[in-house]
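This is run-v9.cif (mmCIF, C-alpha atoms).
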data_target
#
loop_
_atom_site.label_atom_id
_atom_site.label_comp_id
_atom_site.auth_asym_id
_atom_site.auth_seq_id
_atom_site.Cartn_x
_atom_site.Cartn_y
_atom_site.Cartn_z
CA MET V 1 -20.06 -34.38 15.47
CA PRO V 2 -23.65 -34.63 14.31
CA ALA V 3 -26.24 -32.49 16.10
CA SER V 4 -27.46 -35.52 18.07
CA GLY V 5 -24.08 -35.76 19.75
CA ALA V 6 -23.59 -39.27 18.39
CA MET V 7 -20.24 -40.04 16.85
CA ARG V 8 -20.11 -40.60 13.12
CA PRO V 9 -19.22 -44.16 12.15
CA ASP V 10 -15.69 -45.08 11.06
CA PRO V 11 -16.41 -46.62 7.65
CA LEU V 12 -12.92 -48.00 7.13
CA GLY V 13 -13.00 -49.48 10.63
CA LEU V 14 -16.29 -51.19 9.75
CA ALA V 15 -14.71 -52.50 6.54
CA PHE V 16 -11.83 -53.95 8.58
CA ASP V 17 -14.33 -55.59 10.94
CA ALA V 18 -16.08 -57.16 7.94
CA ALA V 19 -12.72 -58.31 6.55
CA ARG V 20 -11.81 -59.99 9.85
CA GLU V 21 -15.22 -61.69 9.92
CA ALA V 22 -14.62 -62.93 6.36
CA ALA V 23 -11.24 -64.35 7.39
CA ALA V 24 -12.86 -66.15 10.33
CA ARG V 25 -15.19 -67.84 7.79
CA GLY V 26 -12.22 -68.89 5.65
CA GLU V 27 -12.76 -66.17 3.04
CA VAL V 28 -10.04 -63.82 1.81
CA PRO V 29 -10.20 -60.95 4.32
CA VAL V 30 -11.69 -58.07 2.35
CA GLY V 31 -14.42 -55.81 3.68
CA ALA V 32 -16.39 -52.97 2.09
CA VAL V 33 -18.75 -50.25 3.30
CA VAL V 34 -21.01 -47.87 1.35
CA VAL V 35 -21.74 -44.50 2.97
CA ARG V 36 -23.86 -41.52 1.97
CA ASP V 37 -23.89 -38.26 3.93
CA GLY V 38 -22.21 -39.95 6.91
CA VAL V 39 -24.81 -42.72 7.05
CA VAL V 40 -23.66 -46.31 6.58
CA LEU V 41 -25.87 -47.94 3.96
CA SER V 42 -24.21 -51.34 3.77
CA VAL V 43 -21.33 -53.40 5.12
CA ALA V 44 -20.07 -56.62 3.52
CA GLY V 45 -17.18 -59.03 3.64
CA ASN V 46 -16.02 -61.43 0.95
CA ARG V 47 -18.30 -64.45 0.45
CA PRO V 48 -17.34 -66.22 -2.80
CA ARG V 49 -16.69 -69.54 -1.04
CA ALA V 50 -19.75 -69.42 1.20
CA ASP V 51 -22.06 -68.31 -1.61
CA ARG V 52 -20.33 -70.45 -4.23
CA ASP V 53 -20.35 -67.31 -6.33
CA PRO V 54 -17.16 -65.87 -7.86
CA THR V 55 -18.80 -62.42 -7.96
CA ALA V 56 -19.47 -62.31 -4.21
CA HIS V 57 -16.64 -59.89 -3.53
CA ALA V 58 -17.12 -57.50 -0.62
CA GLU V 59 -17.47 -54.50 -2.93
CA ILE V 60 -20.12 -56.14 -5.10
CA LEU V 61 -22.12 -57.29 -2.07
CA ALA V 62 -21.94 -53.84 -0.45
CA ILE V 63 -22.99 -52.13 -3.71
CA ARG V 64 -25.90 -54.56 -4.19
CA ALA V 65 -27.14 -54.03 -0.63
CA ALA V 66 -26.89 -50.23 -0.86
CA CYS V 67 -28.74 -50.22 -4.20
CA ALA V 68 -31.48 -52.40 -2.71
CA LEU V 69 -31.77 -50.11 0.31
CA LEU V 70 -32.02 -47.00 -1.85
CA ASP V 71 -34.15 -48.75 -4.50
CA ASP V 72 -31.85 -47.39 -7.20
CA GLU V 73 -29.23 -48.86 -9.50
CA ARG V 74 -27.01 -45.83 -9.01
CA LEU V 75 -25.25 -44.77 -5.85
CA THR V 76 -24.80 -41.12 -6.70
CA GLY V 77 -23.30 -39.22 -3.77
CA CYS V 78 -22.12 -42.44 -2.11
CA ASP V 79 -18.61 -43.35 -1.07
CA LEU V 80 -17.11 -46.83 -0.92
CA TYR V 81 -14.51 -47.85 1.66
CA VAL V 82 -12.68 -51.12 1.05
CA THR V 83 -9.69 -52.83 2.64
CA LEU V 84 -8.04 -53.87 -0.65
CA GLU V 85 -7.63 -52.23 -4.04
CA PRO V 86 -10.60 -53.39 -6.15
CA CYS V 87 -10.20 -55.91 -8.95
CA ALA V 88 -11.37 -55.21 -12.52
CA MET V 89 -14.86 -56.62 -11.85
CA CYS V 90 -15.34 -54.47 -8.76
CA ALA V 91 -13.84 -51.36 -10.38
CA GLY V 92 -16.31 -51.78 -13.24
CA ALA V 93 -19.20 -52.07 -10.78
CA ILE V 94 -17.98 -48.99 -8.91
CA SER V 95 -18.03 -47.02 -12.16
CA VAL V 96 -21.45 -48.29 -13.30
CA ALA V 97 -22.92 -47.60 -9.84
CA ARG V 98 -21.61 -44.02 -10.04
CA ILE V 99 -19.78 -44.20 -6.69
CA ARG V 100 -18.55 -40.70 -5.85
CA ARG V 101 -15.37 -41.58 -3.94
CA LEU V 102 -13.39 -44.78 -3.49
CA TYR V 103 -11.22 -45.16 -0.40
CA PHE V 104 -9.05 -48.26 -0.14
CA ALA V 105 -6.37 -49.55 2.20
CA ALA V 106 -3.84 -51.97 0.68
CA ASP V 107 -2.60 -51.93 -2.89
CA ASP V 108 -3.03 -55.15 -4.84
CA PRO V 109 -0.23 -55.31 -7.43
CA LYS V 110 -1.37 -58.75 -8.63
CA GLY V 111 -5.16 -58.44 -8.78
CA GLY V 112 -5.89 -54.74 -8.37
CA ALA V 113 -7.31 -52.78 -11.26
CA VAL V 114 -7.38 -49.20 -9.98
CA GLU V 115 -3.70 -48.31 -9.53
CA HIS V 116 -2.37 -51.58 -10.96
CA GLY V 117 -3.14 -53.91 -13.86
CA PRO V 118 -5.77 -52.59 -16.26
CA ARG V 119 -6.33 -49.31 -14.35
CA VAL V 120 -10.03 -49.41 -15.19
CA PHE V 121 -10.73 -45.78 -14.34
CA ASN V 122 -8.04 -44.60 -16.79
CA GLN V 123 -9.64 -46.34 -19.77
CA PRO V 124 -11.49 -44.26 -22.38
CA THR V 125 -14.41 -46.71 -22.14
CA CYS V 126 -14.92 -45.90 -18.44
CA HIS V 127 -17.94 -43.61 -18.28
CA HIS V 128 -17.72 -42.59 -14.61
CA VAL V 129 -14.52 -42.10 -12.65
CA PRO V 130 -14.73 -41.77 -8.87
CA GLU V 131 -12.27 -39.79 -6.81
CA VAL V 132 -9.75 -42.37 -5.56
CA TYR V 133 -7.85 -42.33 -2.28
CA GLY V 134 -5.58 -45.29 -1.66
CA GLY V 135 -3.12 -46.35 1.00
CA LEU V 136 -5.37 -45.67 4.03
CA ARG V 137 -4.31 -47.95 6.91
CA GLU V 138 -2.35 -49.86 4.29
CA SER V 139 0.02 -51.64 6.68
CA GLU V 140 -2.91 -52.92 8.76
CA ALA V 141 -4.67 -54.29 5.67
CA ALA V 142 -1.48 -55.83 4.30
CA ALA V 143 -0.80 -57.54 7.64
CA LEU V 144 -4.35 -58.93 7.74
CA LEU V 145 -3.90 -60.42 4.27
CA ARG V 146 -0.38 -61.75 4.98
CA ASP V 147 -1.52 -63.42 8.20
CA PHE V 148 -4.50 -65.00 6.46
CA PHE V 149 -2.45 -66.46 3.62
CA ARG V 150 0.37 -67.53 5.93
CA GLY V 151 -2.18 -69.55 7.90
CA ARG V 152 -3.52 -71.12 4.70
CA ARG V 153 -0.09 -72.24 3.48
CA THR V 154 1.09 -73.99 6.64
#

This structure in C-alpha cells:
Amino acid sequence: MPASGAMRPDPLGLAFDAAREAAARGEVPVGAVVVRDGVVLSVAGNRPRADRDPTAHAEILAIRAACALLDDERLTGCDLYVTLEPCAMCAGAISVARIRRLYFAADDPKGGAVEHGPRVFNQPTCHHVPEVYGGLRESEAAALLRDFFRGRRT
C-alpha cells in the first residue's frame, strides 16, 4: 500500500469498467488504461462508432490521452492494460509509444496481432518490444465480448 494508506488502483478493473461503458454505448467492449508508477494516466473505451473514426480503439485513445497528459510522444516507463489482445494498429502504436509492459485479458485469434496474426512484436521491423502478459481475467473478457455480440445478432 502507498504511504498515504490509499489503495492502489486496479488498472485491469478500470479497463473492464471502460469496456462495459463502451458496450453500453453500442461499441465493441474493449477498455484500456495507461499507468506509470502506480498512477493511472488515462482510461478509455472503444469509440470508433461514436467518433466516426476507425482508429478510435481503446488503446489508441488511452495512449493519446497519456501522451497529452505527459506532454510527450513516448510513454517510457508506462504500462498498458487492455481487455482484448491488441490489433496490428494498436500493437504498432504500443511499440512506437515505447510502452514498457502490455497486459491483456482475452486472446483475439481473428483480429489480434500480438500472439496471433502478424505478431507485430516478433517482426524485425519492430523497434521496441514491450514485455507482454496475456490471459489475465481472460474468461471474464471473453464472456463480455460473447454477451455483446450475442445481443447484436438476435

Worksheet item: Distance CA of Leu136 in chain V-CA of Ala113 in chain V, one decimal place?
Response: 17.0 Å

Worksheet item: Could you write out as an MDAnalysis selection string the residues that the PyMOL selection byres ((chain V and resi 92) around 12) matches in the shown file?
Response: chainID V and resid 59:60 63 86:91 93:99 112:114 118:123 125:130

Worksheet item: Counting all atoms listed in the file, what is within 12 Å of Phe148 in chain V, bar same-chain residues fewer than 6 positions away, as a ChimeraX atom specification?
Response: /V:19-30,141-142,154

Keeping C-alpha atoms for every residue in the selection just given, could you write it to a file as a PDB file, in the frame of the given file?
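Once everything was written out, this is part_38.pdb:
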ATOM      1  CA  ALA V  19     -12.720 -58.310   6.550  1.00  0.00           C
ATOM      2  CA  ARG V  20     -11.810 -59.990   9.850  1.00  0.00           C
ATOM      3  CA  GLU V  21     -15.220 -61.690   9.920  1.00  0.00           C
ATOM      4  CA  ALA V  22     -14.620 -62.930   6.360  1.00  0.00           C
ATOM      5  CA  ALA V  23     -11.240 -64.350   7.390  1.00  0.00           C
ATOM      6  CA  ALA V  24     -12.860 -66.150  10.330  1.00  0.00           C
ATOM      7  CA  ARG V  25     -15.190 -67.840   7.790  1.00  0.00           C
ATOM      8  CA  GLY V  26     -12.220 -68.890   5.650  1.00  0.00           C
ATOM      9  CA  GLU V  27     -12.760 -66.170   3.040  1.00  0.00           C
ATOM     10  CA  VAL V  28     -10.040 -63.820   1.810  1.00  0.00           C
ATOM     11  CA  PRO V  29     -10.200 -60.950   4.320  1.00  0.00           C
ATOM     12  CA  VAL V  30     -11.690 -58.070   2.350  1.00  0.00           C
ATOM     13  CA  ALA V 141      -4.670 -54.290   5.670  1.00  0.00           C
ATOM     14  CA  ALA V 142      -1.480 -55.830   4.300  1.00  0.00           C
ATOM     15  CA  THR V 154       1.090 -73.990   6.640  1.00  0.00           C
TER      16      THR V 154
END

Practice prompt. Pick out the closest residue to Thr76 in chain V from this set: V:Ala105, V:Phe149, V:Asp10, V:Arg36. Count only C-alpha atoms.
Written response: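 Nearest to Thr76 in chain V: V:Arg36.
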
Discussion item. Once the PyMOL selection byres ((chain V and resi 102) around 6) is applied to the coordinates I shared, what remains selected? I want it as a list in words.
Written reply: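 Given this file, the PyMOL selection byres ((chain V and resi 102) around 6) evaluates to Asp79, Leu80, Arg101, Tyr103 and Val132 of chain V.
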
Worksheet item: CA of Tyr81 in chain V to CA of Pro11 in chain V: how many Å, to one decimal?
Response: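 That distance, rounded to one decimal, is 6.4 Å.
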
Item to complete: Spell out the residues picked by the PyMOL selection byres ((chain V and resi 40) around 10) here, as a VMD selection string.
Response: chain V and resid 8 to 11 14 33 to 39 41 to 43 66 78 to 80

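The coordinates place CA of Pro109 in chain V at 16.1 Å from CA of Leu144 in chain V.
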
Worksheet item: Which residue, V:Ala18, V:His116, V:Asp147, V:Phe104, has the smallest gap to Thr83 in chain V when you use only C-alpha atoms?
Response: V:Phe104

When you write range 125-146 of chain V out from the block above, keep N, CA, C and O atoms and present the result as a compact mmCIF listing (two decimals), in the first residue's frame, please.
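Contents of the output file decode33.txt:
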# COMPACT_ATOMS: atom_id res chain seq x y z
N THR V 125 11.16 -5.51 -38.05
CA THR V 125 10.96 -4.06 -38.23
C THR V 125 10.39 -3.39 -36.99
O THR V 125 10.27 -2.17 -36.95
N CYS V 126 10.08 -4.17 -35.96
CA CYS V 126 9.55 -3.61 -34.71
C CYS V 126 10.72 -3.12 -33.86
O CYS V 126 11.57 -3.91 -33.44
N HIS V 127 10.76 -1.81 -33.63
CA HIS V 127 11.91 -1.22 -32.94
C HIS V 127 11.86 -1.33 -31.42
O HIS V 127 12.89 -1.30 -30.77
N HIS V 128 10.66 -1.40 -30.86
CA HIS V 128 10.53 -1.53 -29.40
C HIS V 128 9.54 -2.63 -29.09
O HIS V 128 8.43 -2.63 -29.61
N VAL V 129 9.94 -3.55 -28.24
CA VAL V 129 9.08 -4.67 -27.86
C VAL V 129 8.79 -4.58 -26.37
O VAL V 129 9.71 -4.66 -25.55
N PRO V 130 7.52 -4.41 -26.01
CA PRO V 130 7.19 -4.39 -24.58
C PRO V 130 7.20 -5.80 -24.00
O PRO V 130 7.14 -6.79 -24.75
N GLU V 131 7.28 -5.89 -22.69
CA GLU V 131 7.02 -7.17 -22.04
C GLU V 131 5.52 -7.41 -22.22
O GLU V 131 4.73 -6.47 -22.10
N VAL V 132 5.13 -8.65 -22.49
CA VAL V 132 3.73 -8.96 -22.76
C VAL V 132 3.24 -10.03 -21.79
O VAL V 132 3.89 -11.06 -21.62
N TYR V 133 2.08 -9.75 -21.18
CA TYR V 133 1.44 -10.68 -20.27
C TYR V 133 -0.02 -10.82 -20.69
O TYR V 133 -0.79 -9.87 -20.55
N GLY V 134 -0.37 -11.95 -21.23
CA GLY V 134 -1.73 -12.16 -21.71
C GLY V 134 -2.49 -13.16 -20.85
O GLY V 134 -1.91 -13.86 -20.01
N GLY V 135 -3.79 -13.21 -21.08
CA GLY V 135 -4.64 -14.18 -20.41
C GLY V 135 -5.11 -13.78 -19.02
O GLY V 135 -5.65 -14.61 -18.29
N LEU V 136 -4.95 -12.51 -18.64
CA LEU V 136 -5.37 -12.05 -17.32
C LEU V 136 -6.89 -11.83 -17.33
O LEU V 136 -7.39 -11.06 -18.15
N ARG V 137 -7.60 -12.51 -16.46
CA ARG V 137 -9.07 -12.42 -16.40
C ARG V 137 -9.70 -12.70 -17.76
O ARG V 137 -10.68 -12.10 -18.16
N GLU V 138 -9.08 -13.65 -18.45
CA GLU V 138 -9.47 -13.98 -19.83
C GLU V 138 -10.93 -14.41 -19.94
O GLU V 138 -11.64 -13.96 -20.85
N SER V 139 -11.38 -15.27 -19.05
CA SER V 139 -12.76 -15.75 -19.15
C SER V 139 -13.77 -14.63 -18.96
O SER V 139 -14.80 -14.58 -19.64
N GLU V 140 -13.46 -13.68 -18.10
CA GLU V 140 -14.35 -12.53 -17.89
C GLU V 140 -14.43 -11.66 -19.15
O GLU V 140 -15.51 -11.23 -19.57
N ALA V 141 -13.27 -11.42 -19.77
CA ALA V 141 -13.25 -10.61 -21.00
C ALA V 141 -13.94 -11.34 -22.14
O ALA V 141 -14.71 -10.73 -22.90
N ALA V 142 -13.70 -12.63 -22.27
CA ALA V 142 -14.34 -13.41 -23.33
C ALA V 142 -15.86 -13.41 -23.16
O ALA V 142 -16.61 -13.27 -24.13
N ALA V 143 -16.33 -13.53 -21.93
CA ALA V 143 -17.78 -13.52 -21.66
C ALA V 143 -18.38 -12.16 -22.01
O ALA V 143 -19.47 -12.09 -22.59
N LEU V 144 -17.68 -11.09 -21.69
CA LEU V 144 -18.16 -9.75 -22.01
C LEU V 144 -18.33 -9.59 -23.52
O LEU V 144 -19.35 -9.08 -24.00
N LEU V 145 -17.35 -10.05 -24.27
CA LEU V 145 -17.41 -9.96 -25.73
C LEU V 145 -18.51 -10.87 -26.30
O LEU V 145 -19.28 -10.45 -27.16
N ARG V 146 -18.58 -12.10 -25.81
CA ARG V 146 -19.62 -13.04 -26.28
C ARG V 146 -21.02 -12.48 -26.05
O ARG V 146 -21.87 -12.50 -26.94
